[in-house]
Every structure is written in structure tokens, then in C-alpha cells.
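Here the structure comes first, spelled out in C-alpha cells, and everything after it is commentary.
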Amino acid sequence: MYVGRIADGVGRGDGEIPAMRRYGYSIFCDDIRSEAGGKLSFIGCYNAVMMTTQRFPLVLPKFCIHFHVFSPATQPYTSVTARCYVPGEAEPIAQEPIEVPGLLDQQNLLDSLPKNVTVPPYIVVASSLVFAPLEIREPGMIHIRVVINGGPDELHLGSLQVMSASA
């Protein structure tokens, strides 16, 4: 987790800052490698679609999802649980709690930010899910979602369509 300020240049043109809300994104890939200096390398990244020449059901030797969740500092985390859904399964195939710092630690991070910046701060949680192997029974969508602070709602972080190259 880290705390920072996000300036995206999006506004209403009247000097007002748009309403802040939680959001996130994900990267779907074949492998994630840790590099020197704390960097991550994403190997075999997918765009919007995974085309496969294999017949369904198919088994991927390894499949990874890296994600970030951004929350306004006014909405700190008490818990974050990642859920991964694959085609042909109604329930998530993985439901992983993601470690988040305690509320006091989050507040201390916020207090350490410079005070003269007008961009509102966000608290960011990042993590990876690694499946080795991953079975996909049928064409469809792989979804990554998180439940924040016990839910009940899920925040959708991204999807990857899986389809046959011959379709």
C-alpha cells in the first residue's frame, strides 16, 4: 500500500474537484517477475482478448493478474478481498484477502504528505494473483473484483475475454 496524490486533469471547468470515488485497474499476463529496485515485469500481457488455439476446456500453465485499487483518503480500508471469476464458474475460483495497514498507519502516511498540494490524496493497494495452472472450461470473461471493508458490493477492476481463435 502507498499513499499519494493523483492529478488526472479531469474537472468540471469551474474550479471544483470532481467527486472522489474508489476505482482500480488490472493487468492480465502470463507471468510477473520481481526485478531489482522493487520493479515488476509483466510478461505476455493481454489486451482485451485472449485468443487460444487450444480446445475448451483448456489449461494454462500459468496465468497472472496484477491489480491496483485506489480509494480517496477520506475512505480508508479496513479490509480488501480479491475475487477472480472465470467462464463456466458461478462462484469465484479465488478469494484472497489482501493485507492492508491498520487505520492508524494509513492516517500516519496521510499526515506525512506535503500540506501545500491541492490534489486530494488517495490510498492505493496493489497485489497479484498467480494461478499455476489455470483451467478455463469454456469461452467467456475472466473478471477480477475486490470487496472493500466487508462489502457487500464488489468493485470491478477489469475483465479479459477468452475465445477460440477459430471463432
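Within each chain, counting starts at residue 1; across the C-alpha cells, chains are named A, B, ... in the order shown, with ligands numbered 1 upward in that order.
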Can you list, as a PyMOL selection string, all residues belonging to chain A that DSSP tags as strand (DSSP E)? chain A and resi 2-5+23-29+31-34+40-43+49-52+58-60+63-72+80-85+94-98+121-131+134-136+140-148+154-164
Contacts of Pro72 (chain A) at 9 Å (only C-alpha atoms; same-chain gap of 6+ positions) as number ranges by chain: A: 20-22, 120-124
Take the residues that were just selected and, keeping N, CA and C atoms, output them as a PDB file, in the first residue's frame.
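File written: out00.pdb
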```pdb
ATOM      1  N   MET A  20     -14.880  12.307  -5.475  1.00  0.00           N
ATOM      2  CA  MET A  20     -13.877  11.244  -5.422  1.00  0.00           C
ATOM      3  C   MET A  20     -14.571   9.923  -5.112  1.00  0.00           C
ATOM      4  N   ARG A  21     -14.118   8.883  -5.771  1.00  0.00           N
ATOM      5  CA  ARG A  21     -14.674   7.556  -5.527  1.00  0.00           C
ATOM      6  C   ARG A  21     -13.581   6.530  -5.736  1.00  0.00           C
ATOM      7  N   ARG A  22     -13.858   5.341  -5.312  1.00  0.00           N
ATOM      8  CA  ARG A  22     -12.896   4.251  -5.474  1.00  0.00           C
ATOM      9  C   ARG A  22     -12.897   3.757  -6.910  1.00  0.00           C
ATOM     10  N   PRO A 120      -6.372  16.030  -4.038  1.00  0.00           N
ATOM     11  CA  PRO A 120      -6.753  15.170  -2.916  1.00  0.00           C
ATOM     12  C   PRO A 120      -5.947  13.865  -2.906  1.00  0.00           C
ATOM     13  N   PRO A 121      -5.597  13.369  -1.733  1.00  0.00           N
ATOM     14  CA  PRO A 121      -4.818  12.133  -1.646  1.00  0.00           C
ATOM     15  C   PRO A 121      -5.677  10.881  -1.806  1.00  0.00           C
ATOM     16  N   TYR A 122      -5.056   9.854  -2.360  1.00  0.00           N
ATOM     17  CA  TYR A 122      -5.653   8.531  -2.478  1.00  0.00           C
ATOM     18  C   TYR A 122      -4.788   7.531  -1.728  1.00  0.00           C
ATOM     19  N   ILE A 123      -5.419   6.502  -1.197  1.00  0.00           N
ATOM     20  CA  ILE A 123      -4.710   5.375  -0.606  1.00  0.00           C
ATOM     21  C   ILE A 123      -4.773   4.260  -1.637  1.00  0.00           C
ATOM     22  N   VAL A 124      -3.619   3.644  -1.942  1.00  0.00           N
ATOM     23  CA  VAL A 124      -3.538   2.668  -3.024  1.00  0.00           C
ATOM     24  C   VAL A 124      -3.106   1.317  -2.479  1.00  0.00           C
TER      25      VAL A 124
END
```
When distances are computed from only C-alpha atoms, which of A:Val147, A:Leu58, A:Ile43, A:Leu104 shows the smallest separation from Val86 (chain A)? A:Leu58
Excluding Phe56 (chain A) and any residue of its chain fewer than 2 positions from it, enumerate the residues within 10 Å of it, using only C-alpha atoms, and give them as a list in words. Thr52, Thr53, Gln54, Leu58, Val59, Glu135, Ile136, Arg137, Glu138, Pro139, Met163 and Ser164 of chain A
Which of A:Leu129, A:Gly24, A:Ala48, A:Ile93 sits closest to Glu154 (chain A) [using only C-alpha atoms]: A:Gly24
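Here CA of Pro87 (chain A) is placed at a distance of 24.8 Å from CA of Gly150 (chain A).
Counting from CA of Arg83 (chain A), the distance to CA of Asp30 (chain A) is 18.4 Å.
CA of Ser79 (chain A) is found 17.1 Å from CA of Leu109 (chain A).
Once Ser26 (chain A) and its same-chain neighbours fewer than 3 positions away are set aside, Ile65, His66, Phe67, His68, Ile144, Leu157 and Gly158 of chain A remain within 8 Å of it when counting only C-alpha atoms.
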Grab the residues selected above and save them as a JSON list (two decimals), in the first residue's frame with N, CA and C atoms.
```json
[["chain", "number", "residue", "atom", "x", "y", "z"],
["A", 65, "ILE", "N", -2.69, -12.05, -12.62],
["A", 65, "ILE", "CA", -3.45, -10.80, -12.64],
["A", 65, "ILE", "C", -2.83, -9.89, -11.59],
["A", 66, "HIS", "N", -2.40, -8.71, -12.03],
["A", 66, "HIS", "CA", -1.90, -7.71, -11.09],
["A", 66, "HIS", "C", -2.91, -6.58, -11.08],
["A", 67, "PHE", "N", -3.22, -6.07, -9.89],
["A", 67, "PHE", "CA", -4.24, -5.03, -9.81],
["A", 67, "PHE", "C", -3.88, -3.96, -8.80],
["A", 68, "HIS", "N", -4.47, -2.79, -9.03],
["A", 68, "HIS", "CA", -4.37, -1.65, -8.12],
["A", 68, "HIS", "C", -5.79, -1.20, -7.76],
["A", 144, "ILE", "N", -11.84, -9.75, -12.49],
["A", 144, "ILE", "CA", -11.20, -9.54, -11.19],
["A", 144, "ILE", "C", -11.99, -8.44, -10.49],
["A", 157, "LEU", "N", -12.49, -4.49, -11.32],
["A", 157, "LEU", "CA", -11.17, -3.96, -11.68],
["A", 157, "LEU", "C", -10.76, -4.28, -13.10],
["A", 158, "GLY", "N", -11.48, -5.14, -13.78],
["A", 158, "GLY", "CA", -11.14, -5.45, -15.16],
["A", 158, "GLY", "C", -11.63, -6.81, -15.58]]
```
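The list of residues with at least one atom within 8 Å of Ile98 (chain A), based on only C-alpha atoms and without residues fewer than 5 positions apart in the same chain, reads A:Ser79, A:Val80, A:Thr81, A:Ala82, A:Ser127.
Closest approach to Asn149 (chain A) among A:Val100, A:Gln161, A:Ser128, A:Val117 is made by A:Val100 (distances from only C-alpha atoms).
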